[in-house]
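Source file: input.cif; contents: mmCIF, C-alpha atoms.
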data_query
loop_
_atom_site.group_PDB
_atom_site.id
_atom_site.type_symbol
_atom_site.label_atom_id
_atom_site.label_comp_id
_atom_site.auth_asym_id
_atom_site.auth_seq_id
_atom_site.Cartn_x
_atom_site.Cartn_y
_atom_site.Cartn_z
ATOM 1 C CA MET X 471 100.098 -119.549 193.640
ATOM 2 C CA THR X 472 99.426 -117.284 196.586
ATOM 3 C CA GLU X 473 95.802 -116.173 196.744
ATOM 4 C CA PRO X 474 95.335 -112.435 196.075
ATOM 5 C CA PRO X 475 94.242 -110.483 199.139
ATOM 6 C CA LEU X 476 90.602 -109.781 199.806
ATOM 7 C CA LEU X 477 90.231 -106.140 198.813
ATOM 8 C CA CYS X 478 88.035 -104.059 201.144
ATOM 9 C CA LEU X 479 87.028 -100.594 199.950
ATOM 10 C CA MET X 480 85.973 -98.798 203.121
ATOM 11 C CA GLY X 481 85.255 -95.134 203.652
ATOM 12 C CA PRO X 482 82.713 -92.528 204.707
ATOM 13 C CA THR X 483 79.435 -92.144 202.896
ATOM 14 C CA ALA X 484 79.593 -90.164 199.634
ATOM 15 C CA ALA X 485 83.406 -90.352 199.464
ATOM 16 C CA GLY X 486 83.572 -92.313 196.210
ATOM 17 C CA LYS X 487 83.868 -96.000 197.202
ATOM 18 C CA SER X 488 81.416 -97.221 194.573
ATOM 19 C CA ALA X 489 83.083 -95.204 191.800
ATOM 20 C CA LEU X 490 86.436 -96.787 192.633
ATOM 21 C CA ALA X 491 84.882 -100.262 192.694
ATOM 22 C CA LEU X 492 83.290 -99.733 189.285
ATOM 23 C CA ALA X 493 86.613 -98.483 187.892
ATOM 24 C CA LEU X 494 88.267 -101.701 189.071
ATOM 25 C CA ALA X 495 85.485 -103.726 187.443
ATOM 26 C CA GLU X 496 86.371 -102.199 184.084
ATOM 27 C CA GLN X 497 89.852 -103.731 184.274
ATOM 28 C CA LEU X 498 89.457 -106.934 186.274
ATOM 29 C CA PRO X 499 86.947 -109.812 186.602
ATOM 30 C CA VAL X 500 85.630 -108.673 189.966
ATOM 31 C CA GLU X 501 82.288 -108.986 191.720
ATOM 32 C CA LEU X 502 81.252 -106.699 194.550
ATOM 33 C CA VAL X 503 80.155 -107.764 198.008
ATOM 34 C CA THR X 504 78.175 -104.918 199.538
ATOM 35 C CA VAL X 505 79.008 -104.032 203.144
ATOM 36 C CA ASP X 506 76.056 -101.799 203.945
ATOM 37 C CA SER X 507 73.523 -102.255 206.742
ATOM 38 C CA ALA X 508 70.873 -100.241 204.860
ATOM 39 C CA GLN X 509 71.194 -101.701 201.367
ATOM 40 C CA VAL X 510 70.223 -105.137 202.690
ATOM 41 C CA TYR X 511 66.592 -103.924 202.875
ATOM 42 C CA ARG X 512 64.247 -104.494 199.956
ATOM 43 C CA THR X 513 62.201 -101.542 198.605
ATOM 44 C CA MET X 514 64.613 -99.090 200.240
ATOM 45 C CA ASP X 515 66.492 -98.014 197.133
ATOM 46 C CA ILE X 516 66.782 -94.240 196.821
ATOM 47 C CA GLY X 517 67.729 -93.344 200.384
ATOM 48 C CA THR X 518 70.291 -96.146 200.626
ATOM 49 C CA ALA X 519 72.005 -95.097 197.365
ATOM 50 C CA LYS X 520 71.776 -98.586 195.913
ATOM 51 C CA PRO X 521 73.626 -99.147 192.637
ATOM 52 C CA SER X 522 71.619 -98.399 189.528
ATOM 53 C CA ALA X 523 70.459 -101.009 187.036
ATOM 54 C CA ALA X 524 73.280 -99.942 184.709
ATOM 55 C CA GLU X 525 75.879 -100.386 187.464
ATOM 56 C CA ARG X 526 74.509 -103.816 188.353
ATOM 57 C CA ALA X 527 74.686 -104.774 184.677
ATOM 58 C CA LEU X 528 78.340 -103.739 184.574
ATOM 59 C CA VAL X 529 79.355 -105.804 187.606
ATOM 60 C CA ALA X 530 77.552 -108.262 189.876
ATOM 61 C CA HIS X 531 76.630 -106.927 193.317
ATOM 62 C CA HIS X 532 76.050 -109.330 196.217
ATOM 63 C CA LEU X 533 74.178 -108.855 199.533
ATOM 64 C CA LEU X 534 71.633 -106.352 198.250
ATOM 65 C CA ASP X 535 67.883 -106.655 198.941
ATOM 66 C CA LEU X 536 68.200 -109.530 201.402
ATOM 67 C CA VAL X 537 65.434 -108.787 203.920
ATOM 68 C CA ASP X 538 62.146 -106.957 204.296
ATOM 69 C CA PRO X 539 62.295 -103.649 206.235
ATOM 70 C CA LEU X 540 60.270 -105.296 209.009
ATOM 71 C CA GLU X 541 63.114 -107.747 209.681
ATOM 72 C CA ALA X 542 66.368 -107.251 211.550
ATOM 73 C CA TYR X 543 69.732 -108.050 209.961
ATOM 74 C CA SER X 544 72.701 -108.720 212.231
ATOM 75 C CA ALA X 545 76.464 -108.536 211.905
ATOM 76 C CA ALA X 546 76.588 -112.288 212.522
ATOM 77 C CA ARG X 547 74.263 -112.911 209.594
ATOM 78 C CA PHE X 548 76.375 -110.610 207.436
ATOM 79 C CA VAL X 549 79.459 -112.678 208.236
ATOM 80 C CA ASN X 550 77.759 -115.860 207.059
ATOM 81 C CA ASP X 551 76.370 -114.205 203.917
ATOM 82 C CA ALA X 552 79.679 -112.524 203.068
ATOM 83 C CA LEU X 553 81.728 -115.715 203.488
ATOM 84 C CA ALA X 554 79.330 -117.574 201.206
ATOM 85 C CA ALA X 555 79.493 -114.811 198.582
ATOM 86 C CA ILE X 556 83.296 -114.640 198.702
ATOM 87 C CA ALA X 557 83.619 -118.408 198.274
ATOM 88 C CA ASP X 558 81.108 -118.449 195.407
ATOM 89 C CA ILE X 559 82.868 -115.628 193.549
ATOM 90 C CA ARG X 560 86.246 -117.318 193.876
ATOM 91 C CA ARG X 561 84.864 -120.670 192.730
ATOM 92 C CA ARG X 562 83.906 -118.960 189.492
ATOM 93 C CA GLY X 563 87.435 -117.597 189.023
ATOM 94 C CA LYS X 564 86.685 -113.975 189.883
ATOM 95 C CA HIS X 565 87.927 -111.542 192.527
ATOM 96 C CA PRO X 566 85.592 -110.581 195.387
ATOM 97 C CA VAL X 567 85.828 -106.917 196.362
ATOM 98 C CA LEU X 568 84.082 -105.745 199.518
ATOM 99 C CA VAL X 569 82.717 -102.220 199.260
ATOM 100 C CA GLY X 570 80.698 -100.212 201.758
ATOM 101 C CA GLY X 571 80.785 -98.155 204.907
ATOM 102 C CA THR X 572 79.306 -100.330 207.680
ATOM 103 C CA MET X 573 82.438 -100.678 209.786
ATOM 104 C CA LEU X 574 80.823 -103.038 212.306
ATOM 105 C CA TYR X 575 80.328 -105.578 209.518
ATOM 106 C CA TYR X 576 83.969 -105.319 208.466
ATOM 107 C CA ARG X 577 85.104 -105.796 212.040
ATOM 108 C CA ALA X 578 82.832 -108.812 212.529
ATOM 109 C CA LEU X 579 84.208 -110.447 209.383
ATOM 110 C CA LEU X 580 87.881 -109.569 209.736
ATOM 111 C CA HIS X 581 88.403 -109.268 213.498
ATOM 112 C CA GLY X 582 85.661 -111.503 214.890
ATOM 113 C CA LEU X 583 82.537 -111.126 216.998
ATOM 114 C CA SER X 584 82.747 -111.205 220.768
ATOM 115 C CA GLN X 585 80.388 -113.014 223.091
ATOM 116 C CA LEU X 586 78.136 -110.219 224.323
ATOM 117 C CA PRO X 587 75.286 -110.642 226.804
ATOM 118 C CA GLU X 588 71.848 -111.053 225.265
ATOM 119 C CA SER X 589 69.495 -108.123 225.437
ATOM 120 C CA ASP X 590 67.440 -107.908 228.636
ATOM 121 C CA PRO X 591 63.947 -106.428 228.154
ATOM 122 C CA LEU X 592 63.794 -105.111 231.728
ATOM 123 C CA VAL X 593 67.157 -103.364 231.542
ATOM 124 C CA ARG X 594 66.310 -101.986 228.112
ATOM 125 C CA ALA X 595 62.918 -100.687 229.326
ATOM 126 C CA GLU X 596 64.548 -98.989 232.304
ATOM 127 C CA LEU X 597 67.107 -97.258 230.091
ATOM 128 C CA GLU X 598 64.411 -96.122 227.657
ATOM 129 C CA ALA X 599 62.379 -94.708 230.555
ATOM 130 C CA ARG X 600 65.430 -92.808 231.763
ATOM 131 C CA ALA X 601 66.015 -91.459 228.269
ATOM 132 C CA ALA X 602 62.438 -90.177 228.207
ATOM 133 C CA ARG X 603 62.950 -88.414 231.554
ATOM 134 C CA GLU X 604 66.548 -87.224 231.274
ATOM 135 C CA GLY X 605 67.237 -87.105 227.544
ATOM 136 C CA TRP X 606 69.689 -88.967 225.325
ATOM 137 C CA VAL X 607 72.472 -86.454 225.961
ATOM 138 C CA ALA X 608 72.421 -87.367 229.654
ATOM 139 C CA LEU X 609 72.676 -91.073 228.860
ATOM 140 C CA HIS X 610 75.508 -90.394 226.437
ATOM 141 C CA ALA X 611 77.351 -88.489 229.171
ATOM 142 C CA GLU X 612 76.950 -91.527 231.429
ATOM 143 C CA LEU X 613 78.357 -93.782 228.712
ATOM 144 C CA ALA X 614 81.358 -91.468 228.365
ATOM 145 C CA VAL X 615 82.155 -92.098 232.027
ATOM 146 C CA VAL X 616 81.923 -95.912 231.907
ATOM 147 C CA ASP X 617 83.072 -96.521 228.306
ATOM 148 C CA GLY X 618 84.901 -93.603 226.710
ATOM 149 C CA PRO X 619 85.867 -95.394 223.466
ATOM 150 C CA ALA X 620 82.256 -96.447 222.810
ATOM 151 C CA ALA X 621 80.988 -92.939 223.594
ATOM 152 C CA ALA X 622 83.454 -91.508 221.072
ATOM 153 C CA ARG X 623 81.989 -93.741 218.347
ATOM 154 C CA ILE X 624 78.317 -93.405 219.277
ATOM 155 C CA HIS X 625 76.456 -90.140 218.685
ATOM 156 C CA PRO X 626 73.884 -88.996 221.277
ATOM 157 C CA ASN X 627 71.278 -89.122 218.500
ATOM 158 C CA ASP X 628 71.901 -92.835 217.900
ATOM 159 C CA PRO X 629 69.606 -94.362 220.545
ATOM 160 C CA GLN X 630 69.891 -97.968 219.376
ATOM 161 C CA ARG X 631 73.664 -98.176 219.780
ATOM 162 C CA LEU X 632 73.658 -95.974 222.873
ATOM 163 C CA LEU X 633 71.108 -98.203 224.619
ATOM 164 C CA ARG X 634 73.023 -101.334 223.685
ATOM 165 C CA ALA X 635 76.328 -99.981 225.043
ATOM 166 C CA LEU X 636 74.764 -99.028 228.384
ATOM 167 C CA GLU X 637 72.830 -102.287 228.527
ATOM 168 C CA VAL X 638 75.993 -104.353 228.007
ATOM 169 C CA TYR X 639 77.758 -102.429 230.772
ATOM 170 C CA GLN X 640 74.880 -102.935 233.205
ATOM 171 C CA LEU X 641 74.578 -106.646 232.421
ATOM 172 C CA SER X 642 78.276 -107.531 232.357
ATOM 173 C CA GLY X 643 79.963 -104.811 234.393
ATOM 174 C CA ARG X 644 82.427 -104.405 231.530
ATOM 175 C CA PRO X 645 82.621 -101.742 228.801
ATOM 176 C CA LEU X 646 81.258 -102.735 225.406
ATOM 177 C CA SER X 647 84.486 -101.522 223.772
ATOM 178 C CA SER X 648 86.580 -104.001 225.787
ATOM 179 C CA LEU X 649 84.259 -106.904 225.018
ATOM 180 C CA GLN X 650 84.309 -106.102 221.312
ATOM 181 C CA ASN X 651 88.073 -106.521 221.146
ATOM 182 C CA GLY X 652 87.813 -110.314 221.447
ATOM 183 C CA GLY X 653 86.725 -113.005 219.051
ATOM 184 C CA GLN X 654 88.353 -114.834 216.176
ATOM 185 C CA PRO X 655 88.335 -113.516 212.583
ATOM 186 C CA ALA X 656 85.729 -115.231 210.434
ATOM 187 C CA TYR X 657 87.817 -114.615 207.313
ATOM 188 C CA ALA X 658 91.394 -115.753 207.860
ATOM 189 C CA GLY X 659 92.937 -115.105 204.427
ATOM 190 C CA PRO X 660 95.078 -112.146 203.340
ATOM 191 C CA VAL X 661 93.284 -108.791 203.372
ATOM 192 C CA HIS X 662 94.067 -105.394 201.915
ATOM 193 C CA ALA X 663 91.963 -102.695 203.582
ATOM 194 C CA VAL X 664 91.579 -99.414 201.711
ATOM 195 C CA ALA X 665 90.124 -96.224 203.159
ATOM 196 C CA VAL X 666 88.599 -94.179 200.344
ATOM 197 C CA ALA X 667 88.448 -90.633 201.643
ATOM 198 C CA LEU X 668 88.725 -86.962 200.760
ATOM 199 C CA ALA X 669 91.486 -84.806 202.218
ATOM 200 C CA ASP X 670 89.214 -81.775 201.878
ATOM 201 C CA ARG X 671 86.460 -82.237 204.489
ATOM 202 C CA ALA X 672 84.511 -79.338 202.995
ATOM 203 C CA LEU X 673 84.308 -81.237 199.696
ATOM 204 C CA LEU X 674 82.921 -84.290 201.477
ATOM 205 C CA HIS X 675 80.284 -82.117 203.147
ATOM 206 C CA GLN X 676 79.410 -80.610 199.768
ATOM 207 C CA ARG X 677 78.979 -84.079 198.258
ATOM 208 C CA ILE X 678 76.772 -85.147 201.152
ATOM 209 C CA ASP X 679 74.572 -82.072 200.701
ATOM 210 C CA GLN X 680 74.287 -82.597 196.960
ATOM 211 C CA ARG X 681 73.513 -86.292 197.301
ATOM 212 C CA PHE X 682 70.760 -85.828 199.865
ATOM 213 C CA ARG X 683 69.113 -83.146 197.731
ATOM 214 C CA ALA X 684 69.390 -85.446 194.702
ATOM 215 C CA MET X 685 67.717 -88.247 196.665
ATOM 216 C CA LEU X 686 64.790 -85.951 197.411
ATOM 217 C CA ASP X 687 64.569 -84.990 193.734
ATOM 218 C CA ASP X 688 64.668 -88.679 192.775
ATOM 219 C CA GLY X 689 61.656 -89.518 194.944
ATOM 220 C CA LEU X 690 62.883 -90.316 198.456
ATOM 221 C CA ILE X 691 59.795 -88.743 200.035
ATOM 222 C CA ASP X 692 57.510 -90.931 197.920
ATOM 223 C CA GLU X 693 59.610 -93.976 198.800
ATOM 224 C CA VAL X 694 59.214 -93.345 202.536
ATOM 225 C CA GLU X 695 55.528 -92.511 202.118
ATOM 226 C CA THR X 696 55.023 -95.927 200.501
ATOM 227 C CA LEU X 697 56.823 -97.594 203.393
ATOM 228 C CA ARG X 698 54.670 -95.733 205.944
ATOM 229 C CA ALA X 699 51.516 -96.716 204.078
ATOM 230 C CA ARG X 700 52.245 -100.405 204.727
ATOM 231 C CA GLY X 701 51.090 -99.924 208.299
ATOM 232 C CA ASP X 702 53.482 -102.412 209.903
ATOM 233 C CA LEU X 703 56.639 -100.280 209.962
ATOM 234 C CA HIS X 704 57.631 -97.731 212.614
ATOM 235 C CA LEU X 705 60.591 -95.626 213.689
ATOM 236 C CA GLY X 706 61.652 -98.185 216.272
ATOM 237 C CA LEU X 707 62.839 -100.570 213.541
ATOM 238 C CA PRO X 708 66.507 -100.581 212.457
ATOM 239 C CA SER X 709 65.440 -100.086 208.830
ATOM 240 C CA MET X 710 63.468 -96.944 209.564
ATOM 241 C CA ARG X 711 66.272 -95.531 211.690
ATOM 242 C CA CYS X 712 68.565 -95.479 208.649
ATOM 243 C CA VAL X 713 69.924 -92.034 207.855
ATOM 244 C CA GLY X 714 67.482 -90.134 205.667
ATOM 245 C CA TYR X 715 64.521 -92.405 206.286
ATOM 246 C CA ARG X 716 63.974 -91.264 209.859
ATOM 247 C CA GLN X 717 64.155 -87.606 208.847
ATOM 248 C CA VAL X 718 61.728 -88.023 205.937
ATOM 249 C CA TRP X 719 59.350 -90.055 208.118
ATOM 250 C CA GLU X 720 59.271 -87.234 210.687
ATOM 251 C CA TYR X 721 58.779 -84.709 207.895
ATOM 252 C CA LEU X 722 55.767 -86.675 206.647
ATOM 253 C CA GLU X 723 54.392 -86.632 210.184
ATOM 254 C CA GLY X 724 54.522 -82.845 210.069
ATOM 255 C CA HIS X 725 57.352 -82.283 212.536
ATOM 256 C CA TYR X 726 59.102 -79.772 210.267
ATOM 257 C CA GLU X 727 59.098 -78.138 206.829
ATOM 258 C CA ARG X 728 61.088 -79.193 203.758
ATOM 259 C CA ALA X 729 63.963 -76.786 204.471
ATOM 260 C CA ALA X 730 64.378 -78.303 207.921
ATOM 261 C CA LEU X 731 64.181 -81.789 206.400
ATOM 262 C CA ILE X 732 67.149 -80.997 204.164
ATOM 263 C CA GLU X 733 69.076 -79.498 207.067
ATOM 264 C CA ARG X 734 68.417 -82.488 209.329
ATOM 265 C CA GLY X 735 69.060 -85.078 206.631
ATOM 266 C CA VAL X 736 72.378 -83.513 205.673
ATOM 267 C CA ALA X 737 73.409 -83.133 209.326
ATOM 268 C CA ALA X 738 72.602 -86.779 210.080
ATOM 269 C CA THR X 739 74.606 -87.913 207.057
ATOM 270 C CA ARG X 740 77.575 -85.776 208.127
ATOM 271 C CA GLN X 741 77.426 -87.353 211.577
ATOM 272 C CA LEU X 742 77.447 -90.795 209.976
ATOM 273 C CA ALA X 743 80.505 -89.868 207.899
ATOM 274 C CA LYS X 744 82.265 -88.580 211.008
ATOM 275 C CA ARG X 745 81.629 -91.869 212.845
ATOM 276 C CA GLN X 746 82.891 -93.840 209.872
ATOM 277 C CA LEU X 747 86.101 -91.809 209.759
ATOM 278 C CA THR X 748 86.599 -92.355 213.485
ATOM 279 C CA TRP X 749 86.407 -96.114 212.910
ATOM 280 C CA LEU X 750 88.842 -95.913 210.004
ATOM 281 C CA ARG X 751 91.463 -93.962 211.939
ATOM 282 C CA SER X 752 91.626 -96.784 214.487
ATOM 283 C CA TRP X 753 91.744 -99.540 211.843
ATOM 284 C CA PRO X 754 95.129 -101.328 211.777
ATOM 285 C CA ALA X 755 97.238 -101.352 208.596
ATOM 286 C CA ILE X 756 94.874 -99.402 206.375
ATOM 287 C CA ASP X 757 95.785 -97.980 202.970
ATOM 288 C CA TRP X 758 94.436 -94.416 202.622
ATOM 289 C CA VAL X 759 93.417 -93.534 199.064
ATOM 290 C CA GLU X 760 92.276 -90.130 197.879
ATOM 291 C CA ALA X 761 88.916 -90.443 196.159
ATOM 292 C CA GLY X 762 89.128 -89.720 192.454
ATOM 293 C CA ASP X 763 92.884 -90.358 192.243
ATOM 294 C CA SER X 764 93.103 -92.422 189.046
ATOM 295 C CA SER X 765 96.730 -93.347 189.737
ATOM 296 C CA GLN X 766 95.545 -95.543 192.613
ATOM 297 C CA ILE X 767 93.471 -97.749 190.332
ATOM 298 C CA ALA X 768 96.508 -99.258 188.579
ATOM 299 C CA ARG X 769 98.108 -100.036 191.934
ATOM 300 C CA LEU X 770 94.999 -101.842 193.191
ATOM 301 C CA VAL X 771 94.635 -103.711 189.900
ATOM 302 C CA ALA X 772 98.227 -104.942 190.221
ATOM 303 C CA LEU X 773 97.489 -106.047 193.768
ATOM 304 C CA LEU X 774 94.738 -108.388 192.615
ATOM 305 C CA ARG X 775 96.519 -109.843 189.612
#
Any chance you could put this one into C-alpha cells?
Amino acid sequence: MTEPPLLCLMGPTAAGKSALALALAEQLPVELVTVDSAQVYRTMDIGTAKPSAAERALVAHHLLDLVDPLEAYSAARFVNDALAAIADIRRRGKHPVLVGGTMLYYRALLHGLSQLPESDPLVRAELEARAAREGWVALHAELAVVDGPAAARIHPNDPQRLLRALEVYQLSGRPLSSLQNGGQPAYAGPVHAVAVALADRALLHQRIDQRFRAMLDDGLIDEVETLRARGDLHLGLPSMRCVGYRQVWEYLEGHYERAALIERGVAATRQLAKRQLTWLRSWPAIDWVEAGDSSQIARLVALLR
C-alpha cells in the first residue's frame, strides 16, 4: 500500500494549529512532531505556549524540552531529530503529524539545507559595531539592496537573522536567499503541507493580544525572572531572544512599565506572525485551511487513512 503523506500543519502563531492537531488525534492514531524553535528549550513553558499536561496525555508530542536555554539548537539538528521521530512513530503503526510555525525547520526538512559559509567572528564583530553606530534599520536597508528576498523575510528588529544574512553576503558575495534555494530534501516521501490561517487578520491580532495577556496572567514574568536568576543566561542567546522572553527580560531590567511590556510583546508576536505568513505565501503546493473549520478535519482524516 502507498504510504500516507506526511501531514505538516503550518501557520502563524495563535492561528489554531495545535487545536487542529488535537482534533485529528481524537479520530486517528497520530503522534505530533513539534516544529518550534522555542519549545525545544527546557524550563521555557509559558512563553512558548507548550502543550499542557492534559494535551500531552491525549496525544504524544515529540521534540519538546530537548536542550537547556544556554544551548543552541540548529535547523540541521532538527532535521536529524525529526527524521528519527517520524521513523519511530511509523514503526509503531501510527501517523506522524508535524505541527508548528518555525518555517526554517520545515524548509530544512522538506527542501534541504544549503552549504552556507561558517560564521566569521571578525565579520560578525564588524557588523555588530556598525549596528551600534548606525542602527539596525540602516543595516536592514543595506540588506534590502543586496538581498531583497531575505530583507522581506527578516524584520529590522531581528538582529540575529539580519547579521547572518549580511555576514553570508560579505563572506560569499552571494545573497543568502539564493544560497538557501539549494540542497536536497532530507525527507523524500509524500508530503501534504497545510497552512492553518485566519482570513480575518483582525481576529488573528485579537488572539495574539489575548494569548500574550494570558501568558502574563499564567506567570510568564516569574518564569523569566527564574531564568534571569540563573546568572548564566543573557539576551544574546537564541533562547532569550524568543518572542515574549526578550520583552519580559527588558521589563524586569526596568526599561519600561507593564503597559509598555504588553504593547511590545503583542507587537513582536504580530511581527512574527507576519513573517510566518510571508513564508507560507511562497511555499509551493500548500493547502490553505481556515482555522476552526470543522469540515476540514474529515478531509484531513481521509487523507491519512
Applied to the shown file, which residues does the PyMOL selection byres ((chain X and resi 550-564) around 9) return, written as a PDB file with C-alpha atoms, in the coordinates of the input?
ATOM      1  CA  LEU X 476      90.602-109.781 199.806  1.00  0.00           C
ATOM      2  CA  LEU X 498      89.457-106.934 186.274  1.00  0.00           C
ATOM      3  CA  PRO X 499      86.947-109.812 186.602  1.00  0.00           C
ATOM      4  CA  VAL X 500      85.630-108.673 189.966  1.00  0.00           C
ATOM      5  CA  GLU X 501      82.288-108.986 191.720  1.00  0.00           C
ATOM      6  CA  VAL X 503      80.155-107.764 198.008  1.00  0.00           C
ATOM      7  CA  THR X 504      78.175-104.918 199.538  1.00  0.00           C
ATOM      8  CA  VAL X 505      79.008-104.032 203.144  1.00  0.00           C
ATOM      9  CA  HIS X 532      76.050-109.330 196.217  1.00  0.00           C
ATOM     10  CA  LEU X 533      74.178-108.855 199.533  1.00  0.00           C
ATOM     11  CA  ALA X 545      76.464-108.536 211.905  1.00  0.00           C
ATOM     12  CA  ALA X 546      76.588-112.288 212.522  1.00  0.00           C
ATOM     13  CA  ARG X 547      74.263-112.911 209.594  1.00  0.00           C
ATOM     14  CA  PHE X 548      76.375-110.610 207.436  1.00  0.00           C
ATOM     15  CA  VAL X 549      79.459-112.678 208.236  1.00  0.00           C
ATOM     16  CA  HIS X 565      87.927-111.542 192.527  1.00  0.00           C
ATOM     17  CA  PRO X 566      85.592-110.581 195.387  1.00  0.00           C
ATOM     18  CA  VAL X 567      85.828-106.917 196.362  1.00  0.00           C
ATOM     19  CA  LEU X 568      84.082-105.745 199.518  1.00  0.00           C
ATOM     20  CA  LEU X 579      84.208-110.447 209.383  1.00  0.00           C
ATOM     21  CA  ALA X 656      85.729-115.231 210.434  1.00  0.00           C
ATOM     22  CA  TYR X 657      87.817-114.615 207.313  1.00  0.00           C
TER      23      TYR X 657
END
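Considering all atoms listed in the file, the residue among X:Gly605, X:Pro629, X:Pro474, X:Pro645 positioned nearest to Arg711 in chain X is X:Pro629.
Of the listed residues (X:Leu646, X:Val529, X:Val771, X:Gly481), X:Gly481 comes nearest to Lys744 in chain X; the distances count only C-alpha atoms.
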(Q) Nearest residue to Val666 in chain X out of X:Ala495, X:Ile756, X:Leu528, X:Ala620, using all atoms listed in the file? (A) X:Ile756
Q | Chain and number of each residue from the PyMOL selection byres ((chain X and resi 636) around 9), as a list in words | A | Arg594, Leu597, Leu609, His610, Glu612, Leu613, Val616, Asp617, Arg631, Leu632, Leu633, Arg634, Ala635, Glu637, Val638, Tyr639, Gln640, Leu641, Pro645 and Leu646 of chain X
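For the point (77.9, -89.4, 213.9), the residues with an atom at a distance of at most 9 Å are Arg623, Ile624, His625, Pro626, Asn627, Asp628, Ala737, Ala738, Thr739, Arg740, Gln741, Leu742, Ala743, Lys744, Arg745 and Gln746 of chain X, counting all atoms listed in the file.
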Q. Of the residues X:Trp606, X:Tyr543, X:Tyr575, X:Phe682, which is the one nearest to Ala484 in chain X, using all atoms listed in the file?
A. X:Phe682
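CA of Glu720 in chain X is positioned 19.3 Å from CA of Ala601 in chain X.
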(Q) I'd like the residues picked by the PyMOL selection byres ((chain X and resi 539) around 7) written out as an NGL selection string, using the chain letters and numbers from the file. (A) :X and (511-512 or 537-538 or 540-541 or 709)
Residues at most 9 Å from range 668-673 of chain X, counting only C-alpha atoms, excluding those fewer than 5 positions away in the same chain, as a JSON list (two decimals) with C-alpha atoms, in the frame of the given file?
[["chain", "number", "residue", "atom", "x", "y", "z"],
["X", 485, "ALA", "CA", 83.41, -90.35, 199.46],
["X", 486, "GLY", "CA", 83.57, -92.31, 196.21],
["X", 678, "ILE", "CA", 76.77, -85.15, 201.15],
["X", 759, "VAL", "CA", 93.42, -93.53, 199.06],
["X", 760, "GLU", "CA", 92.28, -90.13, 197.88],
["X", 761, "ALA", "CA", 88.92, -90.44, 196.16],
["X", 762, "GLY", "CA", 89.13, -89.72, 192.45]]
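With distances restricted to all atoms listed in the file, X:Met573 is the closest residue to Ser507 in chain X from X:Leu686, X:Val664, X:Met573, X:Leu580.
Using all atoms listed in the file, the nearest neighbour of Asp506 in chain X within the list X:Ser584, X:Ala527, X:Cys712, X:Ser648 is X:Cys712.
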Q. Which value, in Å to one decimal, gives the distance between CA of Arg677 in chain X and CA of Pro619 in chain X?
A. 28.5 Å
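Between CA of Ala542 in chain X and CA of Gln630 in chain X the interatomic distance comes to 12.6 Å.
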Coordinates of box centre and edge lengths for range 696-711 of chain X, 6 Å on every side, axis-aligned, as lines of an AutoDock Vina configuration file:
center_x = 58.8
center_y = -99.0
center_z = 208.4
size_x = 27.4
size_y = 18.9
size_z = 27.8
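The shell of residues at most 9 Å from Gln717 in chain X, with all atoms listed in the file counted and near chain neighbours (fewer than 4 positions) removed, consists of Arg711, Val713, Tyr721, Leu722, Leu731, Ile732, Arg734, Gly735 and Ala738 of chain X.
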Q) Can you tell me, as a ChimeraX atom specification, what residues are no more than 10 Å from Arg526 in chain X when counting only C-alpha atoms, ignoring any on the same chain fewer than 5 positions away? A) /X:492,501-502,520-521,531-532
Can you spit out range 647-680 of chain X with C-alpha atoms, as a PDB file, in the first residue's frame, from the structure just given?
ATOM      1  CA  SER X 647      18.243  33.819  -0.337  1.00  0.00           C
ATOM      2  CA  SER X 648      19.948  32.376  -3.435  1.00  0.00           C
ATOM      3  CA  LEU X 649      22.146  30.050  -1.395  1.00  0.00           C
ATOM      4  CA  GLN X 650      19.163  28.781   0.573  1.00  0.00           C
ATOM      5  CA  ASN X 651      17.443  27.568  -2.581  1.00  0.00           C
ATOM      6  CA  GLY X 652      19.850  24.633  -2.943  1.00  0.00           C
ATOM      7  CA  GLY X 653      20.225  21.382  -1.082  1.00  0.00           C
ATOM      8  CA  GLN X 654      18.476  18.037  -1.180  1.00  0.00           C
ATOM      9  CA  PRO X 655      15.319  17.269   0.845  1.00  0.00           C
ATOM     10  CA  ALA X 656      16.069  15.271   3.975  1.00  0.00           C
ATOM     11  CA  TYR X 657      12.590  13.729   3.889  1.00  0.00           C
ATOM     12  CA  ALA X 658      11.840  12.329   0.445  1.00  0.00           C
ATOM     13  CA  GLY X 659       8.398  10.766   0.987  1.00  0.00           C
ATOM     14  CA  PRO X 660       4.995  12.213   0.067  1.00  0.00           C
ATOM     15  CA  VAL X 661       4.055  15.383   1.949  1.00  0.00           C
ATOM     16  CA  HIS X 662       0.823  17.282   2.422  1.00  0.00           C
ATOM     17  CA  ALA X 663       1.506  20.821   3.646  1.00  0.00           C
ATOM     18  CA  VAL X 664      -1.374  22.651   5.309  1.00  0.00           C
ATOM     19  CA  ALA X 665      -1.425  26.349   6.152  1.00  0.00           C
ATOM     20  CA  VAL X 666      -3.715  26.899   9.134  1.00  0.00           C
ATOM     21  CA  ALA X 667      -4.698  30.546   8.988  1.00  0.00           C
ATOM     22  CA  LEU X 668      -7.443  33.074   9.623  1.00  0.00           C
ATOM     23  CA  ALA X 669      -8.979  35.048   6.770  1.00  0.00           C
ATOM     24  CA  ASP X 670      -9.760  37.856   9.213  1.00  0.00           C
ATOM     25  CA  ARG X 671      -6.388  39.398  10.145  1.00  0.00           C
ATOM     26  CA  ALA X 672      -8.040  41.430  12.897  1.00  0.00           C
ATOM     27  CA  LEU X 673      -9.145  38.184  14.564  1.00  0.00           C
ATOM     28  CA  LEU X 674      -5.586  36.864  14.475  1.00  0.00           C
ATOM     29  CA  HIS X 675      -4.353  40.078  16.091  1.00  0.00           C
ATOM     30  CA  GLN X 676      -7.050  39.755  18.751  1.00  0.00           C
ATOM     31  CA  ARG X 677      -5.968  36.184  19.509  1.00  0.00           C
ATOM     32  CA  ILE X 678      -2.339  37.256  19.761  1.00  0.00           C
ATOM     33  CA  ASP X 679      -3.255  40.028  22.206  1.00  0.00           C
ATOM     34  CA  GLN X 680      -5.373  37.710  24.326  1.00  0.00           C
TER      35      GLN X 680
END
